[in-house]
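Below is the file final27.cif, which contains mmCIF, C-alpha atoms.
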data_entry
loop_
_atom_site.label_atom_id
_atom_site.label_comp_id
_atom_site.auth_asym_id
_atom_site.auth_seq_id
_atom_site.Cartn_x
_atom_site.Cartn_y
_atom_site.Cartn_z
CA MET A 1 102.19 65.68 107.78
CA SER A 2 100.13 67.46 110.38
CA ILE A 3 101.29 67.90 113.93
CA LYS A 4 97.82 67.15 115.20
CA SER A 5 97.73 63.75 113.60
CA THR A 6 101.29 62.89 114.45
CA ASN A 7 102.16 60.47 117.16
CA ILE A 8 105.29 61.98 118.56
CA HIS A 9 107.34 59.03 119.63
CA TRP A 10 110.99 58.05 119.55
CA HIS A 11 113.40 55.71 121.20
CA GLU A 12 116.39 56.28 123.44
CA GLY A 13 119.59 56.90 121.56
CA ASN A 14 119.97 58.11 118.03
CA LEU A 15 118.25 57.11 114.83
CA THR A 16 120.29 54.34 113.22
CA ARG A 17 121.39 54.41 109.62
CA ASP A 18 119.19 51.42 108.79
CA GLU A 19 116.14 53.08 110.31
CA ARG A 20 116.80 56.25 108.35
CA TRP A 21 117.37 54.55 105.02
CA LYS A 22 114.33 52.34 105.44
CA ALA A 23 112.02 55.16 106.55
CA LEU A 24 113.06 57.40 103.67
CA GLY A 25 113.60 54.72 101.02
CA VAL A 26 117.15 55.82 100.35
CA LYS A 27 120.54 54.15 100.16
CA GLY A 28 123.79 56.05 100.23
CA CYS A 29 127.12 55.52 98.53
CA THR A 30 129.90 57.72 97.23
CA LEU A 31 130.99 57.91 93.61
CA TRP A 32 134.37 59.60 93.61
CA PHE A 33 135.26 61.00 90.19
CA THR A 34 138.95 61.59 89.61
CA GLY A 35 140.72 62.75 86.49
CA LEU A 36 142.73 65.52 84.92
CA SER A 37 141.45 69.05 84.50
CA ALA A 38 139.15 69.07 81.43
CA SER A 39 138.87 65.26 81.46
CA GLY A 40 135.09 65.60 81.45
CA LYS A 41 134.55 64.30 84.98
CA SER A 42 132.46 67.24 86.17
CA THR A 43 130.32 67.27 83.04
CA ILE A 44 129.53 63.58 83.54
CA ALA A 45 128.99 64.07 87.27
CA SER A 46 126.59 66.96 86.70
CA ALA A 47 124.55 65.08 84.09
CA LEU A 48 124.46 61.98 86.29
CA GLU A 49 123.18 63.99 89.25
CA GLN A 50 120.43 65.49 87.11
CA VAL A 51 119.25 62.12 85.83
CA LEU A 52 119.30 60.55 89.29
CA VAL A 53 117.41 63.37 90.98
CA ASN A 54 114.88 63.75 88.20
CA GLU A 55 114.16 60.03 88.39
CA GLY A 56 113.75 60.26 92.17
CA THR A 57 117.03 58.89 93.52
CA HIS A 58 118.43 61.17 96.19
CA SER A 59 121.80 62.37 95.03
CA TYR A 60 124.07 65.28 95.88
CA ARG A 61 127.17 66.48 94.12
CA LEU A 62 130.22 68.07 95.66
CA ASP A 63 132.65 69.90 93.45
CA GLY A 64 134.89 72.93 93.39
CA ASP A 65 131.96 75.32 93.07
CA ASN A 66 130.30 74.45 96.36
CA ILE A 67 133.45 73.50 98.30
CA ARG A 68 136.32 75.80 97.41
CA PHE A 69 134.36 78.95 98.18
CA GLY A 70 132.75 77.55 101.30
CA LEU A 71 134.04 74.76 103.49
CA ASN A 72 137.55 74.89 102.07
CA SER A 73 137.82 78.61 101.42
CA ASN A 74 140.64 78.81 103.97
CA LEU A 75 142.85 76.33 102.13
CA GLY A 76 145.51 77.13 99.56
CA PHE A 77 147.45 74.90 97.20
CA SER A 78 150.37 73.73 99.32
CA ALA A 79 150.87 69.96 99.53
CA GLU A 80 149.45 70.03 103.05
CA ASP A 81 146.41 72.09 102.05
CA ARG A 82 145.69 69.88 99.05
CA ALA A 83 145.62 66.82 101.27
CA GLU A 84 143.40 68.59 103.80
CA ASN A 85 141.12 69.70 100.96
CA ILE A 86 140.50 66.11 99.91
CA ARG A 87 140.26 64.87 103.50
CA ARG A 88 137.49 67.36 104.37
CA ILE A 89 135.61 66.57 101.18
CA GLY A 90 135.90 62.88 102.01
CA GLU A 91 134.45 63.48 105.46
CA VAL A 92 131.55 65.45 104.02
CA CYS A 93 130.93 62.68 101.47
CA LYS A 94 130.76 60.25 104.37
CA LEU A 95 128.04 62.35 106.01
CA PHE A 96 125.97 62.61 102.81
CA CYS A 97 126.45 58.92 102.24
CA ASP A 98 125.26 58.16 105.78
CA ASN A 99 122.32 60.46 105.08
CA GLY A 100 121.36 58.13 102.23
CA SER A 101 122.43 60.15 99.22
CA VAL A 102 124.19 58.84 96.17
CA THR A 103 127.02 61.26 96.77
CA ILE A 104 128.98 62.37 93.74
CA ALA A 105 132.36 64.00 94.26
CA SER A 106 134.21 65.49 91.34
CA PHE A 107 137.75 66.66 92.03
CA ILE A 108 141.04 66.14 90.21
CA SER A 109 142.34 64.43 93.39
CA PRO A 110 145.62 63.44 91.75
CA TYR A 111 147.22 61.52 94.60
CA THR A 112 146.50 57.88 95.31
CA ALA A 113 147.16 58.30 99.03
CA ASP A 114 144.48 60.99 99.37
CA ARG A 115 141.89 58.95 97.47
CA ASP A 116 142.75 55.85 99.46
CA ASN A 117 142.27 57.87 102.63
CA VAL A 118 138.76 58.84 101.53
CA ARG A 119 138.04 55.20 100.72
CA LYS A 120 139.17 54.23 104.20
CA ILE A 121 137.00 56.93 105.82
CA HIS A 122 134.01 55.32 104.12
CA GLU A 123 134.95 51.72 104.76
CA ASP A 124 135.61 52.43 108.44
CA ALA A 125 132.06 53.80 108.62
CA GLY A 126 130.60 50.78 106.81
CA LEU A 127 129.78 52.84 103.72
CA ALA A 128 130.26 52.07 100.03
CA PHE A 129 132.92 54.02 98.16
CA PHE A 130 133.48 53.72 94.42
CA GLU A 131 136.28 55.36 92.49
CA VAL A 132 135.35 56.54 89.00
CA PHE A 133 138.29 57.25 86.74
CA ALA A 134 137.63 59.78 83.98
CA ASP A 135 140.48 58.51 81.86
CA THR A 136 141.02 61.15 79.20
CA PRO A 137 144.52 61.44 77.71
CA ILE A 138 146.30 64.65 78.68
CA GLU A 139 146.69 65.59 74.99
CA VAL A 140 142.92 65.68 74.66
CA CYS A 141 142.49 67.66 77.91
CA GLU A 142 145.12 70.16 76.82
CA GLU A 143 143.54 70.52 73.40
CA ARG A 144 140.14 71.22 75.01
CA ASP A 145 141.51 73.54 77.72
CA PRO A 146 138.16 75.34 78.26
CA LYS A 147 139.53 77.65 80.96
CA GLY A 148 142.94 78.21 79.38
CA LEU A 149 144.60 76.63 82.40
CA TYR A 150 146.93 74.30 80.51
CA LYS A 151 148.12 77.23 78.43
CA LYS A 152 148.90 79.20 81.57
CA ALA A 153 150.61 76.19 83.13
CA ARG A 154 152.77 75.69 80.03
CA ALA A 155 153.67 79.39 80.16
CA GLY A 156 154.68 78.98 83.79
CA GLU A 157 151.93 81.29 84.99
CA ILE A 158 150.41 78.51 87.09
CA LYS A 159 152.78 76.38 89.16
CA GLY A 160 152.15 72.82 90.27
CA PHE A 161 149.48 72.13 87.65
CA THR A 162 148.40 68.50 87.56
CA GLY A 163 149.74 66.71 84.47
CA ILE A 164 152.16 69.51 83.59
CA ASP A 165 154.51 70.09 86.51
CA ASP A 166 152.72 68.03 89.14
CA PRO A 167 151.92 64.32 88.84
CA TYR A 168 148.55 62.71 88.27
CA GLU A 169 148.58 59.28 89.84
CA ALA A 170 146.04 57.27 87.85
CA PRO A 171 143.84 54.93 89.92
CA GLU A 172 144.78 51.28 89.65
CA LYS A 173 141.65 49.88 91.24
CA ALA A 174 138.88 52.19 90.12
CA GLU A 175 135.50 50.46 90.27
CA LEU A 176 134.43 52.31 87.15
CA HIS A 177 136.76 53.23 84.30
CA LEU A 178 135.31 55.78 81.92
CA LYS A 179 136.86 56.90 78.64
CA PRO A 180 135.25 60.26 77.93
CA ALA A 181 137.46 60.86 74.89
CA GLU A 182 136.13 57.71 73.21
CA HIS A 183 132.52 57.69 74.37
CA GLU A 184 129.75 60.23 74.14
CA LEU A 185 128.56 61.90 77.31
CA ASP A 186 125.31 59.94 77.39
CA GLU A 187 127.22 56.68 77.11
CA CYS A 188 129.40 57.66 80.09
CA VAL A 189 126.35 58.62 82.14
CA LYS A 190 124.70 55.34 81.21
CA GLN A 191 127.72 53.39 82.38
CA CYS A 192 127.43 55.14 85.76
CA LEU A 193 123.71 54.41 85.97
CA GLU A 194 124.20 50.75 85.05
CA PHE A 195 126.90 50.47 87.68
CA LEU A 196 124.65 52.01 90.34
CA GLU A 197 121.76 49.79 89.29
CA ALA A 198 123.91 46.66 89.46
CA LYS A 199 125.03 47.66 92.94
CA GLY A 200 121.47 48.38 94.06
CA PHE A 201 121.77 52.12 94.63
CA LEU A 202 118.96 53.30 92.36
CA THR A 203 116.25 53.72 94.95
CA ALA A 204 113.55 55.53 93.00
CA LYS A 205 110.35 53.54 93.01
CA ALA A 206 109.68 51.35 89.99
CA GLY A 207 107.55 53.16 87.44
CA ALA A 208 108.45 56.56 88.87
CA MET B 1 113.94 52.71 88.22
CA SER B 2 115.26 50.64 85.39
CA ILE B 3 117.95 51.87 83.09
CA LYS B 4 116.16 50.38 80.11
CA SER B 5 113.03 52.41 80.71
CA THR B 6 114.86 55.56 81.61
CA ASN B 7 115.12 58.46 79.26
CA ILE B 8 118.56 59.75 79.98
CA HIS B 9 118.30 63.46 79.44
CA TRP B 10 119.65 66.56 81.12
CA HIS B 11 120.26 70.20 80.43
CA GLU B 12 123.42 72.24 80.17
CA GLY B 13 124.69 73.52 83.46
CA ASN B 14 123.93 72.17 86.88
CA LEU B 15 120.72 71.06 88.50
CA THR B 16 119.21 74.05 90.27
CA ARG B 17 118.08 73.96 93.87
CA ASP B 18 114.46 74.48 92.83
CA GLU B 19 114.60 71.59 90.39
CA ARG B 20 116.12 69.33 93.04
CA TRP B 21 113.64 70.22 95.77
CA LYS B 22 110.69 69.88 93.42
CA ALA B 23 111.82 66.55 91.96
CA LEU B 24 112.46 65.01 95.35
CA GLY B 25 109.65 66.73 97.28
CA VAL B 26 112.03 68.17 99.85
CA LYS B 27 112.71 71.60 101.33
CA GLY B 28 115.82 72.40 103.31
CA CYS B 29 116.47 74.63 106.28
CA THR B 30 118.84 74.63 109.23
CA LEU B 31 117.77 74.43 112.85
CA TRP B 32 120.76 75.47 114.91
CA PHE B 33 120.49 74.33 118.52
CA THR B 34 122.63 76.26 120.98
CA GLY B 35 122.83 75.93 124.75
CA LEU B 36 125.01 74.96 127.67
CA SER B 37 126.43 71.49 128.12
CA ALA B 38 123.64 69.29 129.55
CA SER B 39 120.97 71.83 128.56
CA GLY B 40 119.08 69.09 126.75
CA LYS B 41 119.69 70.41 123.24
CA SER B 42 121.09 67.17 121.83
CA THR B 43 118.34 65.05 123.40
CA ILE B 44 115.70 67.27 121.80
CA ALA B 45 117.59 67.36 118.49
CA SER B 46 117.89 63.57 118.40
CA ALA B 47 114.21 63.01 119.17
CA LEU B 48 113.19 65.63 116.62
CA GLU B 49 115.30 63.98 113.92
CA GLN B 50 113.69 60.60 114.66
CA VAL B 51 110.17 61.97 114.44
CA LEU B 52 110.86 63.86 111.22
CA VAL B 53 112.54 60.95 109.45
CA ASN B 54 110.00 58.40 110.62
CA GLU B 55 107.23 60.62 109.30
CA GLY B 56 109.02 60.99 105.97
CA THR B 57 110.60 64.44 106.18
CA HIS B 58 114.22 64.29 105.13
CA SER B 59 116.32 65.44 108.03
CA TYR B 60 119.94 65.06 109.07
CA ARG B 61 121.58 65.88 112.36
CA LEU B 62 125.10 67.10 112.91
CA ASP B 63 126.55 66.93 116.38
CA GLY B 64 129.79 66.24 118.20
CA ASP B 65 129.60 62.51 117.51
CA ASN B 66 129.75 62.73 113.75
CA ILE B 67 131.82 65.91 113.46
CA ARG B 68 134.50 66.00 116.14
CA PHE B 69 135.90 62.59 115.21
CA GLY B 70 135.61 63.18 111.49
CA LEU B 71 135.58 66.51 109.67
CA ASN B 72 136.92 68.45 112.64
CA SER B 73 139.22 65.82 114.11
CA ASN B 74 142.19 68.09 113.43
CA LEU B 75 140.84 70.96 115.55
CA GLY B 76 141.57 71.61 119.21
CA PHE B 77 139.99 73.99 121.68
CA SER B 78 141.90 77.22 121.10
CA ALA B 79 139.78 80.29 120.37
CA GLU B 80 140.79 80.04 116.71
CA ASP B 81 139.97 76.33 116.48
CA ARG B 82 136.61 76.80 118.17
CA ALA B 83 135.63 79.43 115.63
CA GLU B 84 136.84 77.21 112.77
CA ASN B 85 134.89 74.30 114.25
CA ILE B 86 131.64 76.22 114.05
CA ARG B 87 132.48 77.72 110.66
CA ARG B 88 133.03 74.30 109.08
CA ILE B 89 129.86 72.92 110.64
CA GLY B 90 127.99 75.93 109.31
CA GLU B 91 129.31 75.28 105.81
CA VAL B 92 128.27 71.63 105.99
CA CYS B 93 124.82 72.66 107.24
CA LYS B 94 124.56 74.91 104.20
CA LEU B 95 125.25 71.94 101.90
CA PHE B 96 122.69 69.69 103.63
CA CYS B 97 120.21 72.53 103.55
CA ASP B 98 120.82 73.03 99.82
CA ASN B 99 120.36 69.29 99.43
CA GLY B 100 116.84 69.72 100.84
CA SER B 101 117.28 68.33 104.34
CA VAL B 102 115.86 69.80 107.51
CA THR B 103 119.35 70.07 108.93
CA ILE B 104 119.68 69.94 112.69
CA ALA B 105 122.89 71.13 114.29
CA SER B 106 123.46 70.67 117.99
CA PHE B 107 126.54 72.34 119.43
CA ILE B 108 127.13 74.50 122.49
CA SER B 109 128.30 77.26 120.10
CA PRO B 110 128.66 79.81 122.91
CA TYR B 111 129.68 82.85 120.89
CA THR B 112 127.21 85.13 119.16
CA ALA B 113 129.73 86.07 116.47
CA ASP B 114 130.19 82.43 115.41
CA ARG B 115 126.45 81.77 115.29
CA ASP B 116 125.85 84.98 113.36
CA ASN B 117 128.51 83.90 110.89
CA VAL B 118 126.67 80.62 110.28
CA ARG B 119 123.44 82.59 109.83
CA LYS B 120 125.16 84.77 107.25
CA ILE B 121 126.56 81.74 105.39
CA HIS B 122 122.97 80.54 104.98
CA GLU B 123 121.42 83.87 104.15
CA ASP B 124 124.08 84.60 101.53
CA ALA B 125 123.11 81.30 99.90
CA GLY B 126 119.39 82.10 100.05
CA LEU B 127 118.75 79.41 102.67
CA ALA B 128 116.67 79.50 105.85
CA PHE B 129 118.52 79.48 109.16
CA PHE B 130 116.76 79.27 112.52
CA GLU B 131 118.44 79.56 115.89
CA VAL B 132 116.96 77.33 118.61
CA PHE B 133 117.95 78.32 122.13
CA ALA B 134 117.88 75.47 124.66
CA ASP B 135 117.57 77.83 127.59
CA THR B 136 118.30 75.74 130.67
CA PRO B 137 119.70 77.55 133.74
CA ILE B 138 123.29 76.62 134.48
CA GLU B 139 122.31 75.46 137.97
CA VAL B 140 120.10 72.80 136.40
CA CYS B 141 122.78 71.79 133.90
CA GLU B 142 125.37 71.52 136.64
CA GLU B 143 123.02 69.49 138.79
CA ARG B 144 122.41 67.05 135.90
CA ASP B 145 126.07 66.88 134.82
CA PRO B 146 125.66 63.48 133.09
CA LYS B 147 129.31 63.29 131.99
CA GLY B 148 130.79 64.84 135.14
CA LEU B 149 132.17 67.72 133.10
CA TYR B 150 130.96 70.54 135.34
CA LYS B 151 132.56 68.79 138.30
CA LYS B 152 135.85 68.57 136.48
CA ALA B 153 135.59 72.20 135.37
CA ARG B 154 134.93 73.32 138.95
CA ALA B 155 137.93 71.30 140.07
CA GLY B 156 140.04 73.03 137.45
CA GLU B 157 140.64 69.80 135.55
CA ILE B 158 139.00 71.23 132.44
CA LYS B 159 139.94 74.76 131.43
CA GLY B 160 137.76 77.14 129.41
CA PHE B 161 134.52 75.30 130.12
CA THR B 162 131.46 77.16 128.90
CA GLY B 163 129.48 78.66 131.76
CA ILE B 164 132.25 78.09 134.32
CA ASP B 165 135.39 79.86 133.16
CA ASP B 166 134.34 80.71 129.61
CA PRO B 167 131.29 82.76 128.68
CA TYR B 168 128.05 81.55 127.12
CA GLU B 169 126.56 84.35 125.08
CA ALA B 170 122.84 83.68 125.07
CA PRO B 171 121.10 84.34 121.74
CA GLU B 172 119.06 87.51 121.64
CA LYS B 173 117.19 86.78 118.46
CA ALA B 174 116.61 83.04 118.50
CA GLU B 175 113.66 82.08 116.32
CA LEU B 176 112.73 79.39 118.80
CA HIS B 177 113.22 79.67 122.55
CA LEU B 178 112.92 76.35 124.38
CA LYS B 179 112.88 75.90 128.15
CA PRO B 180 113.88 72.27 128.67
CA ALA B 181 114.00 72.65 132.45
CA GLU B 182 110.34 73.67 132.52
CA HIS B 183 108.87 71.53 129.74
CA GLU B 184 108.92 67.82 129.10
CA LEU B 185 110.95 66.51 126.19
CA ASP B 186 107.89 65.75 124.08
CA GLU B 187 106.62 69.31 124.57
CA CYS B 188 109.97 70.70 123.37
CA VAL B 189 109.94 68.41 120.33
CA LYS B 190 106.38 69.46 119.60
CA GLN B 191 107.36 73.13 119.70
CA CYS B 192 110.03 72.41 117.10
CA LEU B 193 107.57 70.49 114.90
CA GLU B 194 104.98 73.23 115.13
CA PHE B 195 107.60 75.79 114.23
CA LEU B 196 108.69 73.76 111.19
CA GLU B 197 105.08 73.20 110.16
CA ALA B 198 104.27 76.91 110.41
CA LYS B 199 107.32 77.70 108.27
CA GLY B 200 106.37 75.04 105.71
CA PHE B 201 109.30 72.67 106.17
CA LEU B 202 107.38 69.48 106.93
CA THR B 203 107.45 67.94 103.49
CA ALA B 204 106.18 64.43 104.19
CA LYS B 205 103.06 63.73 102.17
CA ALA B 206 99.74 64.19 103.97
CA GLY B 207 98.49 60.93 105.36
CA ALA B 208 101.94 59.39 105.32
#
Any chance you could put this one into structure tokens?
Amino acid sequence: MSIKSTNIHWHEGNLTRDERWKALGVKGCTLWFTGLSASGKSTIASALEQVLVNEGTHSYRLDGDNIRFGLNSNLGFSAEDRAENIRRIGEVCKLFCDNGSVTIASFISPYTADRDNVRKIHEDAGLAFFEVFADTPIEVCEERDPKGLYKKARAGEIKGFTGIDDPYEAPEKAELHLKPAEHELDECVKQCLEFLEAKGFLTAKAGA
Amino acid sequence: MSIKSTNIHWHEGNLTRDERWKALGVKGCTLWFTGLSASGKSTIASALEQVLVNEGTHSYRLDGDNIRFGLNSNLGFSAEDRAENIRRIGEVCKLFCDNGSVTIASFISPYTADRDNVRKIHEDAGLAFFEVFADTPIEVCEERDPKGLYKKARAGEIKGFTGIDDPYEAPEKAELHLKPAEHELDECVKQCLEFLEAKGFLTAKAGA
């Protein structure tokens, strides 16, 4: 793009979502991964993002790494702060979705009410929201325990740990139900891709 | 993209920013518009976004419309809430920037400390941040007064209004200094485009 050759023109009012998506060849939705700590949700989410982006579908992933130390660095772990944590993430997902990204959120998000609130934020904005349940039994998660968090929770060193002394409310209407303890990682990623393809959210050009 | 023809492969760890930007042909930065109410900053920002997107450069705009009623709906106008408002917006800009969008923020953002904080958030993440000063004299803004806000502020119906009974700290190191009262809208947009081109952030393919 060269300024010299550019016709600088625009219309009154703001760019609409349809105009944006059409001009850029993108189509946004949110895939909201929920599951216990060590359920495998972030591993699947990370691999999915890589495949999507490398194939040319715009995708962006939100998880603890880029949220807890930034946007939500001023939140703790009280009930109120946990709800606000998910609410803010939901609002940011809505923006990325509107932007045309296949937005992938990966958070334990143990409470149905919080997840339903994020769903409503999307639906009110006319955007597609899909819940993805990484359904790994707690025994498996605790056996894996890559960060030693379950051990600390059992020892009482961490309070309010999901699945130990705080509830995990499993989704009852997840659009995608993954079983990471029974299927290999690539099978789980494939299920996500097939779901997105069926819903029409793989926007990379054919043959790309 | 068809699942059947897709080689599903990925590497350990997360997609890096370089991989993402290269795969998608994008390059992110943040253009932070600051200026008085009715200075013209949002009009320029909106037109700029339209031109960029229609030419194929990924761009996303954050302004009061999509932030105040969403992410920051639980913030008021106390000094603390105003700072938090800008901080959260800055963090979201950082994410869009990382995503590879030419991110356009348009907020009065009257305090130097808040704007400098957003700059630091970007610089600490290795991302480009540019301050764009919509430098319209307050007399002109007050004369325009499209929403009747200056009138209300003068009448004491709005307290703490920037430029009337709350200070506007003009940027001293803005990368781009626009004079919307002296230049037509298309000239201001062109200055922004030329700036972005000179810095290498127009990523639409040549001839597109």
Task: Answer key for the PyMOL selection byres ((chain A) within 8 of (chain B)), residues as a ChimeraX atom specification - done: /A:1-3,8-11,13-15,20,23-24,46-47,49-51,53-58,60,66,70-71,87-88,91-92,95-96,99,186,190,193-194,197,202-208
Open item on the list: Ranking B:Lys147, B:Ala170, B:Asn85, B:Asp114 by minimum distance to B:Ser73 and counting only C-alpha atoms, which one comes first?
Closed with: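 Closest candidate: B:Asn85.
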- [ ] May I ask which of the residues B:Ile108, B:Val140, B:Val118, B:Ala83 is the closest one to B:Ala181, counting only C-alpha atoms?
- [x] B:Val140
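Here atom CA of B:Val132 stands at a distance of 21.8 Å from atom CA of B:Pro146.
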Open item on the list: One number please: atom CA of A:Phe201 to atom CA of A:Cys97, in Å, one decimal.
Closed with: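 Separating atom CA of A:Phe201 from atom CA of A:Cys97 is a distance of 11.2 Å.
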Open item on the list: One number please: atom CA of A:His122 to atom CA of A:Pro137, in Å, one decimal.
Closed with: 29.1 Å
TODO: Could you state which residues are captured by the PyMOL selection byres ((chain B and resi 136) around 8) in this file, as a list of chain:residue names?
DONE: B:Gly35, B:Leu36, B:Ser39, B:Gly40, B:Ala134, B:Asp135, B:Pro137, B:Ile138, B:Val140, B:Cys141, B:Lys179, B:Pro180, B:Ala181
Open item on the list: Using all atoms listed in the file, which protein or nucleic acid residues come within 7 Å of B:Cys188? Drop anything in the same chain fewer than 4 positions from it, and give the result as a ChimeraX atom specification.
Closed with: /B:44,178,180,183-184,192
TODO: Excluding A:Cys29 and any residue of its chain fewer than 4 positions from it, enumerate the residues within 7 Å of it, using all atoms listed in the file, and give them as a list in words.
DONE: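 With the cut-off at 7 Å, the set is Cys97, Ser101, Val102, Thr103, Leu127, Ala128 and Phe129 of chain A.
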With 3 Å of padding per side, what axis-aligned box (centre and edge lengths, Å, one decimal) covers all the listed atoms of stretch 44-57 of chain A? Give it as AutoDock Vina command-line options.
--center_x 121.6 --center_y 62.9 --center_z 88.5 --size_x 21.8 --size_y 14.1 --size_z 16.0
- [ ] Would you list the residues near (125.5, 74.8, 120.7), meaning any protein, DNA or RNA residue with an atom at most 8 Å from that point in file coordinates, counting all atoms listed in the file, as a list in words?
- [x]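 Collected hits near the coordinates: Trp32, Phe33, Thr34, Gly35, Leu36, Lys41, Ala105, Ser106, Phe107, Ile108, Ser109 and Pro110 of chain B.
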Just write the chosen residues, C-alpha atoms, as a short mmCIF file (atom, residue, chain, number, x, y, z; two decimals), in the coordinates of the input.
data_model
loop_
_atom_site.label_atom_id
_atom_site.label_comp_id
_atom_site.auth_asym_id
_atom_site.auth_seq_id
_atom_site.Cartn_x
_atom_site.Cartn_y
_atom_site.Cartn_z
CA TRP B 32 120.76 75.47 114.91
CA PHE B 33 120.49 74.33 118.52
CA THR B 34 122.63 76.26 120.98
CA GLY B 35 122.83 75.93 124.75
CA LEU B 36 125.01 74.96 127.67
CA LYS B 41 119.69 70.41 123.24
CA ALA B 105 122.89 71.13 114.29
CA SER B 106 123.46 70.67 117.99
CA PHE B 107 126.54 72.34 119.43
CA ILE B 108 127.13 74.50 122.49
CA SER B 109 128.30 77.26 120.10
CA PRO B 110 128.66 79.81 122.91
#
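Minimum atom-to-atom distance to A:Lys173, evaluated using all atoms listed in the file, belongs to A:Asp116 out of A:Glu142, A:Asp124, A:Glu157, A:Asp116.
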Open item on the list: Let me make sure I understand: among A:Ile164, A:Phe195, A:Ile86, A:Phe77, which one has the smallest atom-to-atom distance to A:Glu139 if we use only C-alpha atoms?
Closed with: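 Selected residue with least distance to A:Glu139: A:Ile164.
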With all heavy atoms as the atom set, please write stretch 188-193 of chain B from the structure just given, as a compact mmCIF listing (two decimals), in the first residue's frame.
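Result written to part-v4.txt:
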# COMPACT_ATOMS: atom_id res chain seq x y z
N CYS B 188 -5.49 15.48 7.77
CA CYS B 188 -5.10 14.86 9.05
C CYS B 188 -4.96 13.35 8.90
O CYS B 188 -4.01 12.74 9.41
CB CYS B 188 -6.13 15.19 10.13
SG CYS B 188 -6.16 16.93 10.60
N VAL B 189 -5.91 12.74 8.19
CA VAL B 189 -5.84 11.29 7.97
C VAL B 189 -4.59 10.95 7.17
O VAL B 189 -3.87 9.99 7.46
CB VAL B 189 -7.11 10.79 7.24
CG1 VAL B 189 -6.97 9.32 6.84
CG2 VAL B 189 -8.34 10.98 8.12
N LYS B 190 -4.30 11.78 6.18
CA LYS B 190 -3.13 11.54 5.34
C LYS B 190 -1.84 11.63 6.16
O LYS B 190 -0.91 10.84 5.96
CB LYS B 190 -3.10 12.56 4.19
CG LYS B 190 -2.28 12.10 3.01
CD LYS B 190 -2.39 13.04 1.84
CE LYS B 190 -1.39 12.62 0.76
NZ LYS B 190 -1.21 13.61 -0.28
N GLN B 191 -1.79 12.57 7.08
CA GLN B 191 -0.61 12.68 7.94
C GLN B 191 -0.41 11.41 8.75
O GLN B 191 0.71 10.93 8.93
CB GLN B 191 -0.74 13.89 8.88
CG GLN B 191 -0.50 15.23 8.18
CD GLN B 191 -0.65 16.42 9.14
OE1 GLN B 191 -0.33 16.32 10.32
NE2 GLN B 191 -1.13 17.54 8.63
N CYS B 192 -1.51 10.85 9.23
CA CYS B 192 -1.43 9.59 9.99
C CYS B 192 -0.94 8.45 9.09
O CYS B 192 -0.08 7.64 9.48
CB CYS B 192 -2.78 9.22 10.57
SG CYS B 192 -3.41 10.37 11.80
N LEU B 193 -1.49 8.37 7.87
CA LEU B 193 -1.09 7.31 6.94
C LEU B 193 0.38 7.43 6.55
O LEU B 193 1.11 6.44 6.49
CB LEU B 193 -1.96 7.37 5.68
CG LEU B 193 -3.43 6.96 5.86
CD1 LEU B 193 -4.23 7.33 4.62
CD2 LEU B 193 -3.54 5.45 6.12
